[in-house]
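Below is the file coords13.cif, which contains mmCIF, C-alpha atoms.
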```cif
data_work
#
loop_
_atom_site.label_atom_id
_atom_site.label_comp_id
_atom_site.auth_asym_id
_atom_site.auth_seq_id
_atom_site.Cartn_x
_atom_site.Cartn_y
_atom_site.Cartn_z
CA MET A 1215 0.00 0.00 0.00
CA ALA A 1216 1.44 3.37 -0.98
CA ALA A 1217 1.67 6.12 1.59
CA PRO A 1218 -0.71 9.03 0.98
CA ARG A 1219 1.97 11.49 2.06
CA GLU A 1220 2.31 13.18 -1.28
CA LEU A 1221 -1.29 14.31 -1.00
CA SER A 1222 -0.82 16.35 2.14
CA PRO A 1223 0.68 19.78 2.77
CA PHE A 1224 0.99 18.97 6.49
CA GLY A 1225 3.74 16.36 6.50
CA THR A 1226 3.60 12.84 7.88
CA ILE A 1227 4.98 12.76 11.43
CA ALA A 1228 3.96 16.03 13.06
CA THR A 1229 4.58 16.66 16.73
CA ALA A 1230 2.33 19.09 18.57
CA MET A 1231 5.18 20.90 20.28
CA ILE A 1232 5.12 22.01 23.89
CA THR A 1233 5.92 25.63 24.63
CA PRO A 1234 9.11 25.68 26.74
CA MET A 1235 9.00 28.10 29.64
CA THR A 1236 11.47 29.54 32.09
CA ALA A 1237 11.27 28.98 35.83
CA ASP A 1238 9.25 32.17 36.25
CA GLY A 1239 6.67 31.09 33.65
CA ALA A 1240 7.82 33.21 30.71
CA VAL A 1241 8.05 31.65 27.25
CA ASP A 1242 11.56 30.30 26.65
CA TYR A 1243 12.11 31.26 23.03
CA THR A 1244 15.72 30.07 22.98
CA GLY A 1245 14.57 26.72 24.33
CA ALA A 1246 11.80 26.59 21.73
CA ALA A 1247 14.30 26.96 18.89
CA GLU A 1248 16.50 24.25 20.42
CA LEU A 1249 13.57 21.90 20.88
CA ALA A 1250 12.35 22.48 17.33
CA HIS A 1251 15.76 21.46 16.00
CA LEU A 1252 15.72 18.34 18.17
CA LEU A 1253 12.25 17.37 16.95
CA VAL A 1254 13.23 17.62 13.29
CA ASP A 1255 16.55 15.85 13.89
CA SER A 1256 14.70 12.99 15.59
CA GLY A 1257 12.37 12.25 12.69
CA ASN A 1258 9.56 14.80 12.59
CA ASP A 1259 8.94 16.35 9.19
CA ALA A 1260 6.34 18.73 10.62
CA ILE A 1261 5.71 20.69 13.81
CA ILE A 1262 2.48 22.09 15.17
CA VAL A 1263 3.05 25.33 17.09
CA ASN A 1264 0.52 26.89 19.45
CA GLY A 1265 -1.68 23.84 19.83
CA THR A 1266 -3.23 22.44 22.98
CA THR A 1267 0.00 20.70 23.98
CA GLY A 1268 1.67 24.07 23.46
CA GLU A 1269 -0.63 25.52 26.14
CA ALA A 1270 -2.16 27.92 23.63
CA PRO A 1271 -5.15 28.73 25.87
CA THR A 1272 -2.76 30.45 28.29
CA THR A 1273 -0.33 32.18 25.95
CA SER A 1274 -1.01 35.68 24.66
CA ASP A 1275 -1.34 36.52 20.99
CA ALA A 1276 2.02 38.28 21.14
CA GLU A 1277 3.64 35.19 22.65
CA LYS A 1278 2.03 32.95 20.04
CA ASN A 1279 3.31 35.10 17.22
CA GLN A 1280 6.83 35.35 18.60
CA LEU A 1281 6.98 31.62 19.28
CA LEU A 1282 5.87 30.85 15.74
CA GLU A 1283 8.41 33.28 14.31
CA VAL A 1284 11.20 31.64 16.33
CA VAL A 1285 10.29 28.11 15.26
CA ILE A 1286 9.99 29.09 11.59
CA ALA A 1287 13.39 30.76 11.73
CA ALA A 1288 14.88 27.68 13.39
CA VAL A 1289 13.52 24.85 11.24
CA GLY A 1290 11.14 26.29 8.67
CA GLN A 1291 13.47 25.24 5.86
CA ARG A 1292 13.50 21.63 7.07
CA ALA A 1293 9.95 20.99 8.25
CA THR A 1294 6.37 22.00 7.64
CA ILE A 1295 5.23 24.45 10.31
CA THR A 1296 1.53 24.53 11.12
CA ALA A 1297 0.13 27.20 13.42
CA GLY A 1298 -2.67 26.51 15.83
CA VAL A 1299 -5.25 29.29 15.52
CA GLY A 1300 -8.22 27.71 17.23
CA THR A 1301 -10.32 29.71 19.68
CA ASN A 1302 -14.02 29.86 20.52
CA ASP A 1303 -14.28 33.28 18.86
CA THR A 1304 -14.41 33.24 15.06
CA VAL A 1305 -13.09 36.79 14.67
CA HIS A 1306 -10.17 36.08 17.00
CA SER A 1307 -9.30 32.88 15.13
CA ILE A 1308 -9.25 34.80 11.86
CA GLU A 1309 -6.91 37.41 13.37
CA LEU A 1310 -4.56 34.66 14.59
CA ALA A 1311 -4.70 32.95 11.20
CA LYS A 1312 -3.76 36.08 9.29
CA ALA A 1313 -0.93 36.85 11.70
CA ALA A 1314 0.43 33.29 11.45
CA LEU A 1315 0.46 33.33 7.68
CA ALA A 1316 2.12 36.75 7.63
CA LEU A 1317 4.90 35.23 9.75
CA GLY A 1318 5.38 32.38 7.28
CA ALA A 1319 3.34 29.46 8.61
CA ASP A 1320 2.77 26.74 6.01
CA GLY A 1321 -0.72 25.88 7.21
CA LEU A 1322 -3.26 26.30 10.00
CA LEU A 1323 -4.81 24.06 12.63
CA ALA A 1324 -8.28 25.11 13.78
CA VAL A 1325 -10.05 23.34 16.63
CA THR A 1326 -13.82 23.18 17.02
CA PRO A 1327 -15.04 26.14 19.10
CA TYR A 1328 -15.06 25.07 22.74
CA TYR A 1329 -17.34 25.91 25.67
CA ASN A 1330 -19.88 27.72 23.45
CA LYS A 1331 -21.21 24.32 22.22
CA PRO A 1332 -22.39 25.65 18.85
CA PRO A 1333 -24.76 23.54 16.73
CA GLN A 1334 -23.36 22.02 13.57
CA ALA A 1335 -24.45 25.07 11.57
CA GLY A 1336 -22.31 27.23 13.83
CA VAL A 1337 -19.37 24.83 13.60
CA ALA A 1338 -19.58 24.96 9.81
CA ARG A 1339 -19.87 28.74 9.72
CA HIS A 1340 -16.85 29.11 12.04
CA PHE A 1341 -14.57 26.97 9.90
CA LEU A 1342 -15.80 28.40 6.61
CA ALA A 1343 -15.27 31.95 7.86
CA ILE A 1344 -11.64 31.16 8.66
CA ALA A 1345 -11.20 29.45 5.30
CA ASP A 1346 -12.72 32.42 3.46
CA ALA A 1347 -10.43 34.87 5.24
CA VAL A 1348 -7.10 33.30 4.26
CA GLU A 1349 -5.37 31.52 1.41
CA ALA A 1350 -3.72 28.53 3.06
CA PRO A 1351 -4.38 24.85 3.80
CA ILE A 1352 -6.40 24.30 6.97
CA MET A 1353 -6.50 21.21 9.16
CA LEU A 1354 -9.59 20.89 11.33
CA TYR A 1355 -9.16 19.49 14.83
CA ASP A 1356 -11.97 17.25 16.06
CA ILE A 1357 -11.62 16.55 19.79
CA PRO A 1358 -15.05 16.54 21.45
CA GLY A 1359 -13.62 15.36 24.77
CA ARG A 1360 -12.10 18.82 25.14
CA THR A 1361 -14.43 21.01 23.13
CA GLY A 1362 -17.78 19.49 24.05
CA THR A 1363 -18.79 19.41 20.38
CA ALA A 1364 -17.95 16.84 17.72
CA ILE A 1365 -17.74 17.66 14.02
CA ASP A 1366 -20.38 15.44 12.42
CA TRP A 1367 -19.30 13.68 9.25
CA GLU A 1368 -22.16 15.38 7.41
CA THR A 1369 -20.68 18.74 8.41
CA LEU A 1370 -17.27 17.63 7.18
CA VAL A 1371 -18.75 16.62 3.84
CA GLN A 1372 -20.40 20.04 3.55
CA ILE A 1373 -17.40 22.19 4.41
CA SER A 1374 -14.84 20.02 2.61
CA GLU A 1375 -16.01 21.63 -0.61
CA HIS A 1376 -14.03 24.71 0.42
CA PRO A 1377 -10.60 24.46 -1.25
CA ASN A 1378 -8.74 25.63 1.85
CA ILE A 1379 -10.21 22.94 4.14
CA VAL A 1380 -8.04 19.95 3.34
CA ALA A 1381 -7.33 17.83 6.43
CA VAL A 1382 -8.63 16.61 9.78
CA LYS A 1383 -6.78 15.85 12.99
CA ASP A 1384 -9.00 13.22 14.60
CA ALA A 1385 -8.99 12.75 18.37
CA LYS A 1386 -12.53 11.36 18.37
CA GLY A 1387 -11.79 7.83 17.21
CA ASP A 1388 -15.17 7.14 15.61
CA PHE A 1389 -13.78 5.01 12.81
CA GLU A 1390 -17.08 4.34 11.11
CA SER A 1391 -17.65 8.09 10.70
CA VAL A 1392 -14.08 8.53 9.48
CA VAL A 1393 -14.57 5.94 6.75
CA GLU A 1394 -17.83 7.61 5.72
CA ALA A 1395 -16.14 11.02 5.52
CA LEU A 1396 -13.17 9.61 3.60
CA ARG A 1397 -15.52 7.87 1.19
CA ARG A 1398 -17.41 11.07 0.46
CA THR A 1399 -14.62 13.69 0.48
CA ASP A 1400 -11.00 14.28 -0.45
CA LEU A 1401 -10.09 15.21 3.13
CA ILE A 1402 -6.73 14.00 4.41
CA TRP A 1403 -6.89 12.29 7.79
CA TYR A 1404 -4.41 12.38 10.68
CA SER A 1405 -4.47 10.40 13.87
CA GLY A 1406 -4.69 12.80 16.78
CA ASP A 1407 -4.55 10.05 19.40
CA ASP A 1408 -1.21 8.29 19.82
CA GLY A 1409 -2.85 5.15 21.18
CA LEU A 1410 -4.79 4.79 17.92
CA ASN A 1411 -2.07 5.63 15.41
CA LEU A 1412 -1.93 2.20 13.78
CA PRO A 1413 -5.72 1.75 13.56
CA PHE A 1414 -5.94 5.14 11.87
CA LEU A 1415 -3.36 4.04 9.31
CA SER A 1416 -5.48 0.99 8.57
CA ILE A 1417 -8.38 3.15 7.37
CA GLY A 1418 -6.28 5.55 5.32
CA ALA A 1419 -4.65 8.14 7.58
CA ALA A 1420 -1.81 10.13 6.02
CA GLY A 1421 0.15 10.37 9.26
CA PHE A 1422 0.06 11.45 12.87
CA VAL A 1423 -0.25 14.67 14.83
CA SER A 1424 1.51 13.30 17.85
CA VAL A 1425 2.51 14.08 21.40
CA THR A 1426 4.75 11.04 21.85
CA GLY A 1427 6.65 12.31 18.82
CA HIS A 1428 8.59 14.46 21.26
CA LEU A 1429 10.34 11.23 22.26
CA VAL A 1430 9.77 8.51 19.64
CA ALA A 1431 9.30 10.21 16.26
CA ALA A 1432 11.72 7.87 14.48
CA ARG A 1433 9.78 4.83 15.67
CA LEU A 1434 6.47 6.38 14.66
CA ARG A 1435 7.89 6.96 11.20
CA ALA A 1436 9.19 3.39 11.05
CA MET A 1437 5.74 2.06 11.97
CA ALA A 1438 3.99 4.14 9.32
CA GLU A 1439 6.50 3.26 6.62
CA ALA A 1440 6.32 -0.45 7.51
CA PHE A 1441 2.54 -0.35 7.22
CA TRP A 1442 2.59 1.50 3.90
CA ALA A 1443 5.15 -0.99 2.58
CA GLY A 1444 2.82 -3.86 3.43
CA ASN A 1445 4.87 -5.07 6.40
CA THR A 1446 1.93 -5.20 8.77
CA ARG A 1447 3.58 -7.60 11.22
CA GLU A 1448 6.44 -5.17 11.69
CA ALA A 1449 4.02 -2.26 12.09
CA ILE A 1450 2.05 -4.20 14.71
CA ALA A 1451 5.23 -5.07 16.59
CA ILE A 1452 6.35 -1.43 16.68
CA ASN A 1453 2.91 -0.31 17.79
CA GLU A 1454 2.85 -2.85 20.63
CA ALA A 1455 6.33 -1.79 21.76
CA LEU A 1456 5.23 1.86 21.80
CA GLN A 1457 2.03 1.26 23.76
CA PRO A 1458 3.61 1.95 27.20
CA VAL A 1459 4.72 5.35 25.87
CA SER A 1460 1.23 6.25 24.67
CA THR A 1461 -0.29 5.09 27.93
CA GLY A 1462 2.33 6.71 30.12
CA MET A 1463 2.26 10.16 28.57
CA PHE A 1464 -1.49 10.49 28.98
CA ARG A 1465 -2.01 9.31 32.55
CA THR A 1466 -2.75 12.97 33.16
CA GLN A 1467 -2.91 15.97 30.83
CA GLY A 1468 -0.48 15.53 27.94
CA ALA A 1469 1.46 18.79 28.24
CA ILE A 1470 2.13 18.07 31.92
CA LEU A 1471 3.76 14.71 31.32
CA THR A 1472 5.50 15.73 28.11
CA LYS A 1473 7.19 18.56 29.96
CA ALA A 1474 8.02 16.18 32.81
CA ALA A 1475 9.65 13.74 30.38
CA LEU A 1476 11.67 16.44 28.63
CA ASN A 1477 12.75 17.91 31.96
CA GLU A 1478 13.95 14.46 33.03
CA LEU A 1479 16.09 14.34 29.90
CA GLY A 1480 17.47 17.84 30.46
CA LEU A 1481 15.73 19.20 27.35
CA PRO A 1482 13.90 22.53 27.04
CA ALA A 1483 10.51 22.32 28.77
CA GLY A 1484 10.23 24.01 32.16
CA PRO A 1485 6.99 24.37 34.10
CA THR A 1486 3.39 24.49 32.93
CA ARG A 1487 1.15 27.52 33.26
CA SER A 1488 -1.86 27.65 35.53
CA PRO A 1489 -4.45 26.17 35.49
CA LEU A 1490 -2.20 23.26 34.55
CA VAL A 1491 0.04 21.98 37.32
CA ASP A 1492 3.40 20.26 37.09
CA ALA A 1493 3.67 16.50 37.51
CA THR A 1494 3.93 15.23 41.05
CA VAL A 1495 6.86 13.14 42.29
CA GLY A 1496 4.71 10.04 42.03
CA GLN A 1497 3.59 10.87 38.51
CA VAL A 1498 7.19 11.38 37.42
CA GLU A 1499 8.20 8.04 38.92
CA GLN A 1500 5.38 6.29 37.06
CA LEU A 1501 6.33 8.13 33.87
CA ARG A 1502 9.92 6.91 34.16
CA THR A 1503 8.63 3.36 34.48
CA ASP A 1504 6.30 3.72 31.51
CA LEU A 1505 8.91 5.27 29.24
CA ALA A 1506 11.50 2.67 30.21
CA ALA A 1507 8.98 -0.07 29.39
CA GLY A 1508 8.45 1.61 26.03
CA GLY A 1509 12.18 1.63 25.30
CA VAL A 1510 12.59 5.40 25.29
CA GLU A 1511 16.25 6.35 25.21
CA GLY A 1512 17.37 7.93 28.48
CA PHE A 1513 15.02 5.93 30.68
CA VAL A 1514 16.29 2.71 32.25
CA ALA A 1515 14.03 -0.29 32.82
#
```

Entire entry expressed as C-alpha cells:
Amino acid sequence: MAAPRELSPFGTIATAMITPMTADGAVDYTGAAELAHLLVDSGNDAIIVNGTTGEAPTTSDAEKNQLLEVVIAAVGQRATITAGVGTNDTVHSIELAKAALALGADGLLAVTPYYNKPPQAGVARHFLAIADAVEAPIMLYDIPGRTGTAIDWETLVQISEHPNIVAVKDAKGDFESVVEALRRTDLIWYSGDDGLNLPFLSIGAAGFVSVTGHLVAARLRAMAEAFWAGNTREAIAINEALQPVSTGMFRTQGAILTKAALNELGLPAGPTRSPLVDATVGQVEQLRTDLAAGGVEGFVA
C-alpha cells in the first residue's frame, strides 16, 4: 500500500510541540528553537506550534506570534510548520490565522469552538469563515472530549467543498464516521490520538499529529512506513512496543507529562502555566517506568 503522504501539505509525522517556559513562567524562546531542532533531527517532518500541547489557551497573541516566528526561523526550511489558531471566537481565530500566515506558517490548525457548544451550523460557519479569510491549507481538529462538540461527518462533507479545508486531525476515534467522511470527500486524515495511530493508518490516515513524537518520532515513522510498505507484522510489533509510551504520557494531561519527560532528559521544557500543574513526584516516577517499558532512550528499565 502506498503512503498518501504526497497528498498532504501537512507532512507525515507532526509533533504538537510544547511551549518551553522559564522557571518564572515566561516563554523560553531560545529553548523553543533548540527543541524544534531536536524534533526535526529525531524524525519529525512537521511541527504544530501553538496547539493544545503548546498551552495555547494560556499564551497571549504576542507570545504565540513570537513563538511561531522563532520556530519558523529555526527549522522552517526543514519541516512544515503549522500554526494553531483555534479559539471559541471566530473573529479572534481569523486574526490569529492572518498573523500566522504573515509570519510564514505553512498551514493552520483550527479546533472546534469550545465551551460555546455551537450547533453544527455554527461549527460549519466558524470553519468556513476562517477558510474564506485566508489563502492557506487548513487542518480541522476534532476533539469533542475537550471542546464538548464533535464535528459530524455530514458537516465535514459540507465544508470540505471549500478548497482551503483539506485535512482533519482526529482525536474522536469514531472510525465508522471517518470511513464515511473519507468515502465522500478528499479530506486527508491524521491520527490525533497516539494510542490509535496504527488503527488510523489501517483506514487511510496520512500520518500522525503526535505528542509522543517528542520522544519517539523515528519509531512512529518506522511504523507508518512499515505499514505503507505492506509489512503489517512489523508495524504491529512497533505499535505494541510503543504502547507503554502512549499510555504513560497520557495518565494525566499531555502537556504536563510531556514537559516532565523532557525535563527528566534535560531538554527545554520548564513548568506548565496555571491552570495546569506540574507533575507530582509520584507521577514522574510512574512516567519513568512507563517510558523505560516503552524503550525510550534515556530511561532505564

*the PyMOL selection byres ((chain A and resi 1314) around 9) on the file shown: which residues, as a list in words?*
Lys1278, Asn1279, Leu1282, Glu1283, Thr1296, Ala1297, Gly1298, Val1299, Glu1309, Leu1310, Ala1311, Lys1312, Ala1313, Leu1315, Ala1316, Leu1317, Gly1318, Ala1319, Asp1320, Gly1321 and Leu1322 of chain A

Please produce a file of the residues just selected, as a PDB file, in the coordinates of the input, where the atoms kept are C-alpha atoms.
```pdb
ATOM      1  CA  LYS A1278       2.030  32.950  20.040  1.00  0.00           C
ATOM      2  CA  ASN A1279       3.310  35.100  17.220  1.00  0.00           C
ATOM      3  CA  LEU A1282       5.870  30.850  15.740  1.00  0.00           C
ATOM      4  CA  GLU A1283       8.410  33.280  14.310  1.00  0.00           C
ATOM      5  CA  THR A1296       1.530  24.530  11.120  1.00  0.00           C
ATOM      6  CA  ALA A1297       0.130  27.200  13.420  1.00  0.00           C
ATOM      7  CA  GLY A1298      -2.670  26.510  15.830  1.00  0.00           C
ATOM      8  CA  VAL A1299      -5.250  29.290  15.520  1.00  0.00           C
ATOM      9  CA  GLU A1309      -6.910  37.410  13.370  1.00  0.00           C
ATOM     10  CA  LEU A1310      -4.560  34.660  14.590  1.00  0.00           C
ATOM     11  CA  ALA A1311      -4.700  32.950  11.200  1.00  0.00           C
ATOM     12  CA  LYS A1312      -3.760  36.080   9.290  1.00  0.00           C
ATOM     13  CA  ALA A1313      -0.930  36.850  11.700  1.00  0.00           C
ATOM     14  CA  LEU A1315       0.460  33.330   7.680  1.00  0.00           C
ATOM     15  CA  ALA A1316       2.120  36.750   7.630  1.00  0.00           C
ATOM     16  CA  LEU A1317       4.900  35.230   9.750  1.00  0.00           C
ATOM     17  CA  GLY A1318       5.380  32.380   7.280  1.00  0.00           C
ATOM     18  CA  ALA A1319       3.340  29.460   8.610  1.00  0.00           C
ATOM     19  CA  ASP A1320       2.770  26.740   6.010  1.00  0.00           C
ATOM     20  CA  GLY A1321      -0.720  25.880   7.210  1.00  0.00           C
ATOM     21  CA  LEU A1322      -3.260  26.300  10.000  1.00  0.00           C
TER      22      LEU A1322
END
```

*For the structure provided, state which residues fall under the PyMOL selection byres ((chain A and resi 1238-1254) around 9), and present them as a VMD selection string.*
chain A and resid 1229 1231 to 1237 1255 to 1261 1273 1277 1280 to 1281 1284 to 1289 1292 to 1293 1427 to 1429 1431 1481 to 1487

Take the selection from the previous step and output its residues with C-alpha atoms, as a PDB file, in the frame of the given file.
```
ATOM      1  CA  THR A1229       4.580  16.660  16.730  1.00  0.00           C
ATOM      2  CA  MET A1231       5.180  20.900  20.280  1.00  0.00           C
ATOM      3  CA  ILE A1232       5.120  22.010  23.890  1.00  0.00           C
ATOM      4  CA  THR A1233       5.920  25.630  24.630  1.00  0.00           C
ATOM      5  CA  PRO A1234       9.110  25.680  26.740  1.00  0.00           C
ATOM      6  CA  MET A1235       9.000  28.100  29.640  1.00  0.00           C
ATOM      7  CA  THR A1236      11.470  29.540  32.090  1.00  0.00           C
ATOM      8  CA  ALA A1237      11.270  28.980  35.830  1.00  0.00           C
ATOM      9  CA  ASP A1255      16.550  15.850  13.890  1.00  0.00           C
ATOM     10  CA  SER A1256      14.700  12.990  15.590  1.00  0.00           C
ATOM     11  CA  GLY A1257      12.370  12.250  12.690  1.00  0.00           C
ATOM     12  CA  ASN A1258       9.560  14.800  12.590  1.00  0.00           C
ATOM     13  CA  ASP A1259       8.940  16.350   9.190  1.00  0.00           C
ATOM     14  CA  ALA A1260       6.340  18.730  10.620  1.00  0.00           C
ATOM     15  CA  ILE A1261       5.710  20.690  13.810  1.00  0.00           C
ATOM     16  CA  THR A1273      -0.330  32.180  25.950  1.00  0.00           C
ATOM     17  CA  GLU A1277       3.640  35.190  22.650  1.00  0.00           C
ATOM     18  CA  GLN A1280       6.830  35.350  18.600  1.00  0.00           C
ATOM     19  CA  LEU A1281       6.980  31.620  19.280  1.00  0.00           C
ATOM     20  CA  VAL A1284      11.200  31.640  16.330  1.00  0.00           C
ATOM     21  CA  VAL A1285      10.290  28.110  15.260  1.00  0.00           C
ATOM     22  CA  ILE A1286       9.990  29.090  11.590  1.00  0.00           C
ATOM     23  CA  ALA A1287      13.390  30.760  11.730  1.00  0.00           C
ATOM     24  CA  ALA A1288      14.880  27.680  13.390  1.00  0.00           C
ATOM     25  CA  VAL A1289      13.520  24.850  11.240  1.00  0.00           C
ATOM     26  CA  ARG A1292      13.500  21.630   7.070  1.00  0.00           C
ATOM     27  CA  ALA A1293       9.950  20.990   8.250  1.00  0.00           C
ATOM     28  CA  GLY A1427       6.650  12.310  18.820  1.00  0.00           C
ATOM     29  CA  HIS A1428       8.590  14.460  21.260  1.00  0.00           C
ATOM     30  CA  LEU A1429      10.340  11.230  22.260  1.00  0.00           C
ATOM     31  CA  ALA A1431       9.300  10.210  16.260  1.00  0.00           C
ATOM     32  CA  LEU A1481      15.730  19.200  27.350  1.00  0.00           C
ATOM     33  CA  PRO A1482      13.900  22.530  27.040  1.00  0.00           C
ATOM     34  CA  ALA A1483      10.510  22.320  28.770  1.00  0.00           C
ATOM     35  CA  GLY A1484      10.230  24.010  32.160  1.00  0.00           C
ATOM     36  CA  PRO A1485       6.990  24.370  34.100  1.00  0.00           C
ATOM     37  CA  THR A1486       3.390  24.490  32.930  1.00  0.00           C
ATOM     38  CA  ARG A1487       1.150  27.520  33.260  1.00  0.00           C
TER      39      ARG A1487
END
```

*asked:* Rounded to one decimal, what separation in Å do you get between CA of Tyr1328 (chain A) and CA of Thr1363 (chain A)?
replied: 7.2 Å

*Taking the file as shown, what set of residues would the PyMOL selection byres ((chain A and resi 1490) around 10) give back, as a PyMOL selection string?*
chain A and resi 1269+1272+1467+1469-1470+1485-1489+1491-1493

*Work out how far apart CA of Arg1398 (chain A) and CA of Ile1227 (chain A) are and give it in Å to one decimal.*
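These atoms are spaced 25.0 Å apart.
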
How close does region 1342-1402 of chain A get to region 1410-1424 of chain A? List, as a Markdown table, each residue of region 1342-1402 of chain A within 10 Å, its nearest atom pair and the distance in Å to one decimal, counting all atoms listed in the file.
```
| residue | atom | partner | partner_atom | distance |
| --- | --- | --- | --- | --- |
| A:Ala1381 | CA | A:Ala1420 | CA | 9.5 |
| A:Val1382 | CA | A:Ala1419 | CA | 9.6 |
| A:Lys1383 | CA | A:Val1423 | CA | 6.9 |
| A:Asp1384 | CA | A:Val1423 | CA | 8.9 |
| A:Ala1385 | CA | A:Leu1410 | CA | 9.0 |
| A:Gly1387 | CA | A:Leu1410 | CA | 7.7 |
| A:Phe1389 | CA | A:Ile1417 | CA | 7.9 |
| A:Glu1390 | CA | A:Ile1417 | CA | 9.5 |
| A:Val1392 | CA | A:Ile1417 | CA | 8.1 |
| A:Val1393 | CA | A:Ile1417 | CA | 6.8 |
| A:Leu1396 | CA | A:Gly1418 | CA | 8.2 |
| A:Leu1401 | CA | A:Ala1419 | CA | 10.0 |
| A:Ile1402 | CA | A:Ala1420 | CA | 6.5 |
```

*Near Gly1362 (chain A), counting all atoms listed in the file, which residues have an atom at most 12 Å away, once you skip same-chain residues fewer than 6 positions from it, shown as a list in words?*
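Using all atoms listed in the file, the neighbours found are Asn1302, Val1325, Thr1326, Pro1327, Tyr1328, Tyr1329, Asn1330, Lys1331, Pro1332, Pro1333, Val1337, Asp1356 and Lys1386 of chain A.
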